[in-house]
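Engineer: The file below is work_14.txt, compact mmCIF, C-alpha atoms:
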```txt
# COMPACT_ATOMS: atom_id res chain seq x y z
CA MET A 1 87.00 10.08 36.40
CA SER A 2 90.02 8.37 37.70
CA MET A 3 92.79 7.55 35.31
CA LEU A 4 92.38 4.14 33.78
CA ALA A 5 95.36 1.89 33.22
CA ARG A 6 96.06 -1.63 32.10
CA VAL A 7 99.02 -3.60 33.36
CA GLN A 8 100.45 -6.76 31.87
CA VAL A 9 102.45 -8.88 34.27
CA PRO A 10 102.94 -12.64 34.02
CA ALA A 11 100.91 -14.25 36.78
CA GLN A 12 103.79 -16.62 37.52
CA ALA A 13 107.53 -16.50 37.00
CA ARG A 14 110.44 -18.69 38.05
CA ARG A 15 113.03 -17.16 40.36
CA GLY A 16 115.76 -15.56 38.28
CA ASP A 17 113.60 -15.21 35.18
CA VAL A 18 113.65 -11.91 33.35
CA PHE A 19 110.15 -10.96 32.30
CA PRO A 20 108.53 -7.98 30.54
CA ILE A 21 106.17 -5.59 32.29
CA ARG A 22 103.82 -3.43 30.27
CA ILE A 23 101.63 -0.60 31.39
CA ALA A 24 99.21 1.51 29.33
CA ILE A 25 97.51 4.58 30.76
CA GLN A 26 94.56 6.47 29.31
CA HIS A 27 95.68 10.08 29.24
CA SER A 28 95.40 12.83 26.64
CA MET A 29 99.03 13.96 27.21
CA GLU A 30 98.34 17.57 26.19
CA THR A 31 101.53 18.91 24.70
CA GLY A 32 100.94 22.57 25.55
CA TYR A 33 101.38 23.48 21.89
CA ARG A 34 97.79 23.04 20.75
CA PRO A 35 95.30 25.91 20.57
CA ASP A 36 91.63 25.37 21.36
CA ASN A 37 88.79 26.48 19.08
CA PHE A 38 89.18 30.06 20.28
CA GLY A 39 92.90 30.21 19.67
CA ARG A 40 93.83 29.97 23.32
CA ARG A 41 96.71 27.73 24.22
CA ILE A 42 95.66 24.49 25.93
CA PRO A 43 97.95 24.18 28.94
CA LYS A 44 100.46 21.38 28.95
CA ASN A 45 99.26 18.39 30.92
CA VAL A 46 101.25 15.21 30.64
CA ILE A 47 102.03 12.37 32.99
CA ASN A 48 105.40 13.67 34.10
CA THR A 49 106.49 10.86 36.41
CA LEU A 50 105.74 7.18 36.66
CA THR A 51 107.32 4.82 39.13
CA CYS A 52 107.11 1.10 39.72
CA ARG A 53 107.92 -0.50 43.06
CA TYR A 54 108.53 -4.20 43.47
CA ASN A 55 107.84 -5.21 47.07
CA GLY A 56 108.45 -1.63 48.14
CA VAL A 57 111.70 -1.12 46.22
CA GLU A 58 111.66 1.29 43.31
CA VAL A 59 112.70 -0.67 40.22
CA PHE A 60 111.64 1.64 37.45
CA ARG A 61 111.10 5.37 37.00
CA ALA A 62 110.09 7.27 33.89
CA GLU A 63 110.03 11.02 33.41
CA MET A 64 107.98 12.04 30.43
CA GLY A 65 107.48 15.29 28.57
CA SER A 66 105.41 16.70 25.75
CA GLY A 67 106.99 14.41 23.16
CA VAL A 68 105.19 11.32 24.42
CA SER A 69 102.00 10.29 22.64
CA ALA A 70 98.55 10.23 24.18
CA ASN A 71 97.66 7.06 26.07
CA PRO A 72 101.31 6.20 26.66
CA GLN A 73 102.53 2.66 26.95
CA LEU A 74 105.72 1.67 28.68
CA GLN A 75 107.56 -1.60 28.73
CA PHE A 76 110.51 -2.65 30.83
CA TYR A 77 112.04 -5.83 32.21
CA LEU A 78 112.39 -7.16 35.72
CA ARG A 79 114.14 -10.12 37.25
CA ALA A 80 111.87 -12.24 39.44
CA GLU A 81 113.11 -12.47 43.02
CA ASN A 82 110.26 -12.93 45.45
CA SER A 83 106.52 -13.22 45.24
CA GLY A 84 104.74 -10.03 46.02
CA GLU A 85 103.28 -7.00 44.40
CA LEU A 86 104.17 -4.46 41.77
CA VAL A 87 102.83 -1.00 42.52
CA PHE A 88 102.68 1.64 39.83
CA ASP A 89 102.19 5.31 40.72
CA TRP A 90 102.04 8.25 38.40
CA VAL A 91 101.14 11.91 38.45
CA ASP A 92 100.32 14.44 35.74
CA ASP A 93 100.97 18.18 35.51
CA SER A 94 97.51 18.98 36.89
CA GLY A 95 98.39 17.04 40.03
CA GLN A 96 96.06 14.15 39.30
CA ARG A 97 97.46 10.87 40.56
CA GLY A 98 96.91 7.34 39.44
CA SER A 99 97.87 3.99 40.84
CA GLU A 100 97.68 0.38 39.82
CA ARG A 101 98.76 -2.87 41.46
CA ALA A 102 99.63 -6.26 40.07
CA PRO A 103 100.43 -9.37 42.09
CA ILE A 104 103.19 -11.68 41.02
CA THR A 105 103.94 -15.21 42.14
CA VAL A 106 107.54 -16.39 41.97
CA THR A 107 108.20 -20.12 42.05
CA ALA A 108 111.51 -21.74 42.87
CA MET B 1 78.38 0.58 -18.33
CA LEU B 2 76.42 3.81 -18.26
CA THR B 3 74.21 2.54 -15.46
CA LEU B 4 77.14 1.23 -13.49
CA SER B 5 76.58 3.33 -10.38
CA ALA B 6 72.93 2.34 -10.11
CA VAL B 7 73.78 -1.33 -10.49
CA ALA B 8 76.66 -1.09 -8.06
CA ALA B 9 74.27 0.38 -5.52
CA GLU B 10 72.17 -2.76 -5.54
CA ALA B 11 75.00 -5.26 -5.69
CA PRO B 12 78.04 -4.26 -3.66
CA ARG B 13 81.30 -5.87 -4.65
CA PRO B 14 81.25 -9.48 -3.48
CA GLN B 15 84.43 -9.31 -1.40
CA PRO B 16 84.53 -6.13 0.67
CA LYS B 17 87.98 -5.27 2.02
CA SER B 18 88.37 -4.02 5.55
CA GLY B 19 90.18 -0.75 6.16
CA ILE B 20 92.89 -2.60 8.06
CA GLU B 21 94.03 -4.21 4.81
CA TYR B 22 94.94 -0.77 3.51
CA ALA B 23 96.91 0.06 6.64
CA GLY B 24 100.65 -0.30 7.05
CA GLY B 25 102.35 -3.08 8.96
CA ASP B 26 102.83 -1.06 12.14
CA VAL B 27 99.15 -0.12 12.35
CA ARG B 28 98.12 -3.72 11.73
CA ALA B 29 100.49 -4.96 14.41
CA LEU B 30 99.11 -2.41 16.88
CA GLN B 31 95.54 -3.50 16.21
CA ALA B 32 96.43 -7.19 16.52
CA ASP B 33 98.17 -6.73 19.89
CA ASP B 34 95.45 -6.91 22.52
CA PHE B 35 97.58 -5.16 25.08
CA GLY B 36 99.23 -2.67 22.76
CA ASN B 37 96.01 -1.67 21.03
CA PRO B 38 95.14 1.62 22.76
CA GLY B 39 91.47 1.10 21.91
CA MET B 40 91.44 -1.63 24.54
CA LEU B 41 91.63 1.12 27.17
CA TRP B 42 88.14 2.17 26.10
CA VAL B 43 86.97 -1.42 26.12
CA ALA B 44 88.34 -1.79 29.65
CA ARG B 45 86.54 1.37 30.73
CA GLY B 46 83.35 0.09 29.12
CA GLU B 47 83.66 -3.13 31.07
CA LYS B 48 83.73 -1.13 34.30
CA LEU B 49 80.78 1.02 33.26
CA TRP B 50 78.81 -2.09 32.30
CA SER B 51 78.43 -3.04 35.95
CA ALA B 52 78.21 0.49 37.37
CA PRO B 53 74.70 1.51 38.51
CA ALA B 54 73.29 4.57 36.73
CA GLY B 55 70.21 6.76 37.00
CA ARG B 56 67.12 6.70 39.20
CA SER B 57 66.66 2.95 38.82
CA GLY B 58 70.05 2.29 40.37
CA LYS B 59 70.46 -0.45 37.80
CA SER B 60 73.59 -1.20 35.83
CA CYS B 61 73.71 -2.60 32.31
CA ALA B 62 74.66 -5.92 33.88
CA GLY B 63 71.54 -5.76 36.07
CA CYS B 64 69.43 -6.71 33.04
CA HIS B 65 71.88 -7.91 30.41
CA ARG B 66 74.08 -9.93 32.77
CA ASP B 67 77.31 -11.16 31.31
CA ALA B 68 78.18 -9.09 28.24
CA PRO B 69 80.53 -11.63 26.61
CA THR B 70 77.52 -13.95 26.41
CA THR B 71 74.54 -11.66 25.98
CA MET B 72 76.16 -9.04 23.73
CA LYS B 73 77.89 -11.53 21.47
CA GLY B 74 76.90 -10.82 17.88
CA VAL B 75 74.72 -7.83 18.77
CA ALA B 76 76.93 -5.30 17.00
CA THR B 77 76.76 -7.29 13.76
CA ARG B 78 73.04 -6.53 13.51
CA TYR B 79 73.18 -2.78 14.06
CA PRO B 80 71.89 -0.19 13.09
CA ARG B 81 68.54 -1.70 13.85
CA ARG B 82 64.92 -0.76 14.23
CA ASP B 83 62.68 -1.99 17.00
CA VAL B 84 59.97 -4.44 16.07
CA GLY B 85 57.30 -2.02 17.23
CA GLY B 86 58.59 0.78 15.01
CA GLY B 87 60.50 3.70 16.45
CA GLU B 88 63.54 5.21 14.91
CA LEU B 89 66.57 3.46 13.50
CA LEU B 90 69.14 3.08 16.24
CA ASN B 91 72.84 2.41 16.09
CA LEU B 92 74.66 0.99 19.12
CA GLU B 93 75.16 4.43 20.62
CA GLY B 94 71.48 5.18 20.16
CA ARG B 95 70.46 1.89 21.73
CA ILE B 96 72.68 2.44 24.75
CA ASN B 97 71.20 5.89 25.26
CA GLN B 98 67.68 4.54 24.81
CA CYS B 99 68.39 1.98 27.52
CA ARG B 100 69.77 4.66 29.81
CA GLU B 101 66.78 6.93 29.32
CA GLN B 102 63.96 4.38 29.39
CA ARG B 103 65.27 1.57 31.59
CA GLN B 104 67.87 3.10 33.87
CA GLY B 105 66.27 6.52 34.25
CA ALA B 106 69.63 8.10 33.56
CA ASP B 107 70.68 11.06 31.46
CA VAL B 108 71.63 10.25 27.90
CA LEU B 109 75.35 10.25 27.29
CA ARG B 110 76.68 12.93 25.00
CA TYR B 111 77.75 11.58 21.64
CA GLU B 112 81.54 11.17 21.54
CA SER B 113 81.76 11.35 25.33
CA GLU B 114 84.31 9.00 26.89
CA GLU B 115 81.52 7.02 28.58
CA LEU B 116 79.48 6.45 25.43
CA LEU B 117 82.58 5.56 23.42
CA ALA B 118 83.66 3.13 26.12
CA LEU B 119 80.30 1.38 26.39
CA THR B 120 79.92 1.21 22.60
CA ALA B 121 83.41 -0.18 22.23
CA TYR B 122 82.79 -2.74 24.97
CA VAL B 123 79.52 -3.95 23.43
CA ALA B 124 80.89 -4.03 19.88
CA HIS B 125 84.05 -5.79 21.09
CA GLN B 126 81.93 -8.79 22.11
CA SER B 127 81.25 -9.38 18.39
CA ARG B 128 84.87 -9.22 17.33
CA GLY B 129 85.61 -11.74 14.62
CA MET B 130 81.95 -12.19 13.69
CA PRO B 131 80.72 -11.08 10.25
CA VAL B 132 78.68 -7.90 9.84
CA ASN B 133 75.19 -9.11 9.11
CA VAL B 134 72.58 -6.34 9.00
CA GLU B 135 69.26 -7.24 7.52
CA ILE B 136 67.49 -4.91 5.13
CA ASN B 137 63.76 -5.45 5.51
CA ASP B 138 60.49 -3.58 5.16
CA ALA B 139 61.02 -1.87 8.49
CA ASN B 140 64.33 -0.25 7.61
CA ARG B 141 64.25 -0.12 3.81
CA VAL B 142 63.41 3.56 3.83
CA ASN B 143 66.48 4.24 6.02
CA PHE B 144 68.63 2.06 3.79
CA GLU B 145 67.52 3.99 0.73
CA ARG B 146 68.11 7.35 2.37
CA GLY B 147 71.57 6.20 3.42
CA ARG B 148 72.34 4.99 -0.07
CA ASP B 149 71.16 8.30 -1.50
CA THR B 150 73.58 10.12 0.82
CA TYR B 151 76.36 7.78 -0.26
CA TYR B 152 75.83 8.55 -3.95
CA ARG B 153 74.93 12.23 -3.65
CA ARG B 154 77.54 14.78 -4.66
CA GLN B 155 77.92 17.45 -2.03
CA GLY B 156 80.09 20.22 -0.70
CA GLN B 157 82.37 22.63 -2.51
CA MET B 158 84.38 19.69 -3.81
CA ASN B 159 81.19 18.27 -5.28
CA LEU B 160 82.10 14.72 -4.35
CA ALA B 161 80.03 11.78 -3.19
CA CYS B 162 81.26 9.00 -0.92
CA THR B 163 81.38 6.70 -3.93
CA HIS B 164 83.95 8.81 -5.77
CA CYS B 165 86.65 8.03 -3.24
CA HIS B 166 85.58 4.88 -1.47
CA GLU B 167 84.25 2.88 -4.40
CA GLN B 168 85.75 4.26 -7.57
CA ASN B 169 89.18 5.05 -6.16
CA ALA B 170 89.64 2.69 -3.23
CA GLY B 171 93.24 1.54 -2.99
CA ARG B 172 94.60 4.68 -4.65
CA LYS B 173 96.41 7.48 -2.89
CA LEU B 174 94.90 10.64 -1.46
CA LEU B 175 97.95 12.67 -0.49
CA ALA B 176 99.94 10.28 1.70
CA ASP B 177 97.01 8.08 2.64
CA THR B 178 95.55 5.09 0.87
CA ILE B 179 91.83 5.42 0.28
CA SER B 180 89.91 2.56 1.88
CA GLU B 181 86.52 1.24 0.93
CA GLY B 182 85.02 3.15 3.82
CA HIS B 183 83.68 0.32 5.95
CA GLY B 184 82.60 0.81 9.55
CA ASN B 185 83.39 -2.70 10.81
CA ALA B 186 86.13 -1.65 13.22
CA TYR B 187 84.37 1.22 15.00
CA PRO B 188 84.75 2.71 17.51
CA VAL B 189 88.40 2.84 16.42
CA TYR B 190 91.52 4.26 17.96
CA ARG B 191 92.69 6.72 15.36
CA LEU B 192 96.31 7.78 15.60
CA GLU B 193 95.52 11.18 14.09
CA TRP B 194 93.00 11.80 16.88
CA GLN B 195 95.24 10.32 19.56
CA SER B 196 91.99 8.92 20.90
CA ALA B 197 89.19 6.51 20.26
CA GLY B 198 86.34 7.89 18.19
CA SER B 199 82.98 6.93 16.79
CA LEU B 200 82.05 6.16 13.20
CA HIS B 201 80.05 9.40 13.12
CA ARG B 202 83.12 11.40 14.06
CA ARG B 203 84.92 9.80 11.14
CA LEU B 204 82.00 10.40 8.79
CA ARG B 205 81.87 14.05 9.82
CA ALA B 206 85.55 14.30 9.00
CA CYS B 207 84.75 13.12 5.46
CA PHE B 208 81.96 15.72 5.14
CA PHE B 209 84.49 18.32 6.27
CA GLY B 210 86.99 16.97 3.76
CA VAL B 211 84.69 17.58 0.81
CA ARG B 212 83.70 20.91 2.39
CA ALA B 213 80.08 19.95 2.87
CA GLU B 214 77.80 20.81 5.75
CA GLN B 215 78.42 18.29 8.53
CA PRO B 216 75.38 16.49 9.93
CA ALA B 217 75.39 16.26 13.72
CA ALA B 218 76.83 13.11 15.27
CA GLY B 219 73.95 10.78 16.05
CA SER B 220 71.64 12.52 13.55
CA ALA B 221 69.17 10.47 11.53
CA GLU B 222 71.10 11.25 8.35
CA LEU B 223 74.28 9.66 9.70
CA VAL B 224 72.50 6.66 11.23
CA ASP B 225 70.84 6.01 7.86
CA LEU B 226 74.23 6.25 6.18
CA GLU B 227 75.65 3.91 8.82
CA LEU B 228 72.99 1.35 7.89
CA TYR B 229 73.89 1.59 4.22
CA LEU B 230 77.59 1.26 5.05
CA ALA B 231 76.87 -1.79 7.21
CA SER B 232 74.91 -3.38 4.37
CA ARG B 233 77.85 -3.01 1.99
CA ALA B 234 80.24 -4.30 4.69
CA ARG B 235 78.28 -7.52 5.15
CA GLY B 236 80.63 -10.43 5.64
CA LEU B 237 83.49 -8.33 6.99
CA GLN B 238 84.55 -9.24 10.50
CA VAL B 239 83.89 -6.84 13.33
CA GLU B 240 87.30 -5.60 14.51
CA THR B 241 86.34 -3.35 17.41
CA PRO B 242 88.47 -1.75 18.71
CA GLY B 243 90.24 -1.17 15.41
CA VAL B 244 93.29 0.99 14.95
CA ARG B 245 93.49 3.40 12.06
CA ARG B 246 96.03 5.95 10.98
```
Once you've parsed the file, please lay out its structure as structure tokens.
Structural biologist:
Amino acid sequence: MSMLARVQVPAQARRGDVFPIRIAIQHSMETGYRPDNFGRRIPKNVINTLTCRYNGVEVFRAEMGSGVSANPQLQFYLRAENSGELVFDWVDDSGQRGSERAPITVTA
Amino acid sequence: MLTLSAVAAEAPRPQPKSGIEYAGGDVRALQADDFGNPGMLWVARGEKLWSAPAGRSGKSCAGCHRDAPTTMKGVATRYPRRDVGGGELLNLEGRINQCREQRQGADVLRYESEELLALTAYVAHQSRGMPVNVEINDANRVNFERGRDTYYRRQGQMNLACTHCHEQNAGRKLLADTISEGHGNAYPVYRLEWQSAGSLHRRLRACFFGVRAEQPAAGSAELVDLELYLASRARGLQVETPGVRR
């Protein structure tokens, strides 16, 4: 099953406004320190990189490790410049990729 | 006073207190934030599954039940429930699987699977804010009584019944945690200890483990009966799905 995510972006913003962006991703974020029921180590599998592009320009990048909780949530701020699209991409240690898009309308 | 437990069984305290009232400020804030609440990820997944075709019929839930916010509103407040024509007592998970098997021609979903949790959370979420309102009638009285018996029966190496913690000592400390009244009105919940959403039966099994008793299987008749009794003593509490617990 593909990785599920929720993104919170204001549908509209005025040019120059600074607004918060939130993204939550459903992921178990296996730390690599837990044993399974047979005592075998469960391999580490976390979302190691997440990027956000605003009209093609990378505006945010996060590199995460085993200290981040399951189902991580990130929040950051952007300044509204032009209408367009925010594109989130992320990848976990198993190589599974996820992506999410959110349109944004900037008014003068 | 000597017959207190028997009387208490018939007349639960008038003002039940939801588990969220025993939680700390950060947990409450997380539950109240519809974006921050990680349980909403399961609700969102359930919303997708609701309109995804399944099984030989090629039908989705929405194919019959249409728009869940309308048709599923208040449904969770009435569960566990027994069909008019008899049959076994079903909780929401059981009803969803019955629908899959009999109407969609699909495989039943494994209890505690992501799909079943998501669909259950999505359906129960439509009743958020509405009071739990199960009806005890002739059809389910036998289940209610069995559930109540489980609630008041000492078991396990600790020789404890549910009542000893969740009725007689609610609000007091058990190690670092505050004992709640043990209501199921927020399930499925996102539990921080699990780092995941989980069903009421998973939580109940954790209690059986805690008193070192044999754990009934998730979805077993014993736990559904207990769920009915718990729902009856939670009457009036608002459904909180998806709740957040420590």
Engineer: May I ask for the distance between CA of Gly55 (chain B) and CA of Trp42 (chain B), given in Å to one decimal place?
Structural biologist: 21.5 Å
Engineer: Taking 6 positions as the minimum chain separation for residues in the same chain, which residues sit within 12 Å of Val84 (chain B) when counting all atoms listed in the file? Answer as a list in words.
Structural biologist: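 These residues fall inside the cut-off: Leu90, Asn137, Asp138, Ala139 and Asn140 of chain B.
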Engineer: Hey, what's within 10 Å of Ile23 (chain A) if we count all atoms listed in the file and toss same-chain stuff fewer than 2 positions away? As a VMD selection string, please?
Structural biologist: (chain A and resid 5 to 9 21 25 72 to 76 88 100) or (chain B and resid 35 to 36)
Engineer: Find the residues of chain B in contact range of chain A, meaning any atom within 10 Å when counting all atoms listed in the file, and list them as a compact mmCIF listing (two decimals) with C-alpha atoms, in the coordinates of the input.
Structural biologist:
```
# COMPACT_ATOMS: atom_id res chain seq x y z
CA PHE B 35 97.58 -5.16 25.08
CA GLY B 36 99.23 -2.67 22.76
CA ASN B 37 96.01 -1.67 21.03
CA PRO B 38 95.14 1.62 22.76
CA GLY B 39 91.47 1.10 21.91
CA MET B 40 91.44 -1.63 24.54
CA LEU B 41 91.63 1.12 27.17
CA TRP B 42 88.14 2.17 26.10
CA ALA B 44 88.34 -1.79 29.65
CA ARG B 45 86.54 1.37 30.73
CA GLU B 114 84.31 9.00 26.89
CA LEU B 192 96.31 7.78 15.60
CA TRP B 194 93.00 11.80 16.88
CA GLN B 195 95.24 10.32 19.56
CA SER B 196 91.99 8.92 20.90
```
Engineer: Tell me which of B:Lys59, B:Gly184, B:His164, B:Thr71 sits closest to Gln104 (chain B), counting only C-alpha atoms.
Structural biologist: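 With only C-alpha atoms as the atom set, the closest residue is B:Lys59.
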Engineer: At what distance in Å, to one decimal, does CA of Leu237 (chain B) lie from CA of His166 (chain B)?
Structural biologist: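 For CA of His166 (chain B) relative to CA of Leu237 (chain B), the distance reads 15.8 Å.
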Engineer: Could you give me, as a ChimeraX atom specification, the residues that have an atom at most 12 Å away from the point (111.3, -5.6, 38.2) in the coordinates of the file, using all atoms listed in the file?
Structural biologist: /A:9-10,13,15-22,51-61,75-88,102,104
Engineer: Just write the chosen residues, C-alpha atoms, as a PDB file, keeping the file's coordinate frame.
Structural biologist:
```pdb
ATOM      1  CA  VAL A   9     102.450  -8.880  34.270  1.00  0.00           C
ATOM      2  CA  PRO A  10     102.940 -12.640  34.020  1.00  0.00           C
ATOM      3  CA  ALA A  13     107.530 -16.500  37.000  1.00  0.00           C
ATOM      4  CA  ARG A  15     113.030 -17.160  40.360  1.00  0.00           C
ATOM      5  CA  GLY A  16     115.760 -15.560  38.280  1.00  0.00           C
ATOM      6  CA  ASP A  17     113.600 -15.210  35.180  1.00  0.00           C
ATOM      7  CA  VAL A  18     113.650 -11.910  33.350  1.00  0.00           C
ATOM      8  CA  PHE A  19     110.150 -10.960  32.300  1.00  0.00           C
ATOM      9  CA  PRO A  20     108.530  -7.980  30.540  1.00  0.00           C
ATOM     10  CA  ILE A  21     106.170  -5.590  32.290  1.00  0.00           C
ATOM     11  CA  ARG A  22     103.820  -3.430  30.270  1.00  0.00           C
ATOM     12  CA  THR A  51     107.320   4.820  39.130  1.00  0.00           C
ATOM     13  CA  CYS A  52     107.110   1.100  39.720  1.00  0.00           C
ATOM     14  CA  ARG A  53     107.920  -0.500  43.060  1.00  0.00           C
ATOM     15  CA  TYR A  54     108.530  -4.200  43.470  1.00  0.00           C
ATOM     16  CA  ASN A  55     107.840  -5.210  47.070  1.00  0.00           C
ATOM     17  CA  GLY A  56     108.450  -1.630  48.140  1.00  0.00           C
ATOM     18  CA  VAL A  57     111.700  -1.120  46.220  1.00  0.00           C
ATOM     19  CA  GLU A  58     111.660   1.290  43.310  1.00  0.00           C
ATOM     20  CA  VAL A  59     112.700  -0.670  40.220  1.00  0.00           C
ATOM     21  CA  PHE A  60     111.640   1.640  37.450  1.00  0.00           C
ATOM     22  CA  ARG A  61     111.100   5.370  37.000  1.00  0.00           C
ATOM     23  CA  GLN A  75     107.560  -1.600  28.730  1.00  0.00           C
ATOM     24  CA  PHE A  76     110.510  -2.650  30.830  1.00  0.00           C
ATOM     25  CA  TYR A  77     112.040  -5.830  32.210  1.00  0.00           C
ATOM     26  CA  LEU A  78     112.390  -7.160  35.720  1.00  0.00           C
ATOM     27  CA  ARG A  79     114.140 -10.120  37.250  1.00  0.00           C
ATOM     28  CA  ALA A  80     111.870 -12.240  39.440  1.00  0.00           C
ATOM     29  CA  GLU A  81     113.110 -12.470  43.020  1.00  0.00           C
ATOM     30  CA  ASN A  82     110.260 -12.930  45.450  1.00  0.00           C
ATOM     31  CA  SER A  83     106.520 -13.220  45.240  1.00  0.00           C
ATOM     32  CA  GLY A  84     104.740 -10.030  46.020  1.00  0.00           C
ATOM     33  CA  GLU A  85     103.280  -7.000  44.400  1.00  0.00           C
ATOM     34  CA  LEU A  86     104.170  -4.460  41.770  1.00  0.00           C
ATOM     35  CA  VAL A  87     102.830  -1.000  42.520  1.00  0.00           C
ATOM     36  CA  PHE A  88     102.680   1.640  39.830  1.00  0.00           C
ATOM     37  CA  ALA A 102      99.630  -6.260  40.070  1.00  0.00           C
ATOM     38  CA  ILE A 104     103.190 -11.680  41.020  1.00  0.00           C
TER      39      ILE A 104
END
```
Engineer: Mind listing as a ChimeraX atom specification all residues within 7 Å of (75.1, 8.6, 5.5), counting all atoms listed in the file?
Structural biologist: /B:147,150-151,222-227
Engineer: Tell me, as a count of residues only, which residues lie within 8 Å of region 15-25 of chain B, counting only C-alpha atoms; anything in the same chain fewer than 3 positions away does not count.
Structural biologist: 19
Engineer: For each of B:Val108, B:Val189, B:Ile136, B:Cys64, take the minimum atom-to-atom distance to Glu240 (chain B), counting all atoms listed in the file, then give the residue where this is smallest.
Structural biologist: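 Checking each candidate against Glu240 (chain B), we get B:Val189 as the closest.
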Engineer: Could you jot down the CA of Lys48 (chain B) to CA of Ala68 (chain B) separation for me, Å, one decimal place?
Structural biologist: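 Distance between the two atoms: 11.4 Å.
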Engineer: For Ile47 (chain A), please output as a list of chain:residue names all residues within 8 Å (counting all atoms listed in the file; exclusion window: fewer than 4 positions along the same chain).
Structural biologist: A:His27, A:Met29, A:Met64, A:Gly65, A:Trp90, A:Val91, A:Asp92, A:Asp93
Engineer: Compare B:Thr120, B:Gln102, B:Ser232, B:Ser220 by their minimum atom-to-atom distance to Glu135 (chain B), counting only C-alpha atoms, and give me the closest one.
Structural biologist: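 Answer, going by the shortest atom-to-atom distance: B:Ser232.
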Engineer: Which neighbours of Gln12 (chain A) fall inside 8 Å, counting only C-alpha atoms, when residues of the same chain fewer than 4 positions from it are skipped, and could you give them as a list of chain:residue names?
Structural biologist: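 Residues meeting the cut-off are A:Ile104, A:Thr105, A:Val106, A:Thr107.
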Engineer: Limited to C-alpha atoms, could you put the picked residues into a file as an mmCIF file, in the coordinates of the input?
Structural biologist:
```cif
data_model
loop_
_atom_site.group_PDB
_atom_site.id
_atom_site.type_symbol
_atom_site.label_atom_id
_atom_site.label_comp_id
_atom_site.auth_asym_id
_atom_site.auth_seq_id
_atom_site.Cartn_x
_atom_site.Cartn_y
_atom_site.Cartn_z
ATOM 1 C CA ILE A 104 103.190 -11.680 41.020
ATOM 2 C CA THR A 105 103.940 -15.210 42.140
ATOM 3 C CA VAL A 106 107.540 -16.390 41.970
ATOM 4 C CA THR A 107 108.200 -20.120 42.050
#
```
Engineer: For region 210-214 of chain B, supply all heavy atoms and format the output as an mmCIF file, keeping the file's coordinate frame.
Structural biologist:
```
data_model
loop_
_atom_site.group_PDB
_atom_site.id
_atom_site.type_symbol
_atom_site.label_atom_id
_atom_site.label_comp_id
_atom_site.auth_asym_id
_atom_site.auth_seq_id
_atom_site.Cartn_x
_atom_site.Cartn_y
_atom_site.Cartn_z
ATOM 1 N N GLY B 210 85.988 17.108 4.804
ATOM 2 C CA GLY B 210 86.990 16.970 3.760
ATOM 3 C C GLY B 210 86.491 17.397 2.390
ATOM 4 O O GLY B 210 87.251 17.954 1.603
ATOM 5 N N VAL B 211 85.230 17.142 2.112
ATOM 6 C CA VAL B 211 84.690 17.580 0.810
ATOM 7 C C VAL B 211 84.016 18.944 0.946
ATOM 8 O O VAL B 211 83.345 19.412 0.049
ATOM 9 C CB VAL B 211 83.699 16.550 0.215
ATOM 10 C CG1 VAL B 211 84.380 15.223 -0.009
ATOM 11 C CG2 VAL B 211 82.459 16.371 1.076
ATOM 12 N N ARG B 212 84.219 19.566 2.097
ATOM 13 C CA ARG B 212 83.700 20.910 2.390
ATOM 14 C C ARG B 212 82.188 20.966 2.235
ATOM 15 O O ARG B 212 81.645 21.833 1.563
ATOM 16 C CB ARG B 212 84.369 21.954 1.501
ATOM 17 C CG ARG B 212 85.860 21.987 1.739
ATOM 18 C CD ARG B 212 86.517 23.033 0.897
ATOM 19 N NE ARG B 212 87.966 22.835 0.883
ATOM 20 C CZ ARG B 212 88.775 23.438 0.045
ATOM 21 N NH1 ARG B 212 88.300 24.278 -0.859
ATOM 22 N NH2 ARG B 212 90.062 23.223 0.089
ATOM 23 N N ALA B 213 81.540 19.966 2.838
ATOM 24 C CA ALA B 213 80.080 19.950 2.870
ATOM 25 C C ALA B 213 79.618 20.273 4.280
ATOM 26 O O ALA B 213 80.412 20.249 5.223
ATOM 27 C CB ALA B 213 79.564 18.576 2.465
ATOM 28 N N GLU B 214 78.343 20.583 4.418
ATOM 29 C CA GLU B 214 77.800 20.810 5.750
ATOM 30 C C GLU B 214 77.833 19.493 6.507
ATOM 31 O O GLU B 214 77.418 18.459 5.976
ATOM 32 C CB GLU B 214 76.368 21.319 5.617
ATOM 33 C CG GLU B 214 75.846 21.961 6.877
ATOM 34 C CD GLU B 214 74.454 22.539 6.669
ATOM 35 O OE1 GLU B 214 74.177 23.078 5.581
ATOM 36 O OE2 GLU B 214 73.659 22.420 7.604
#
```
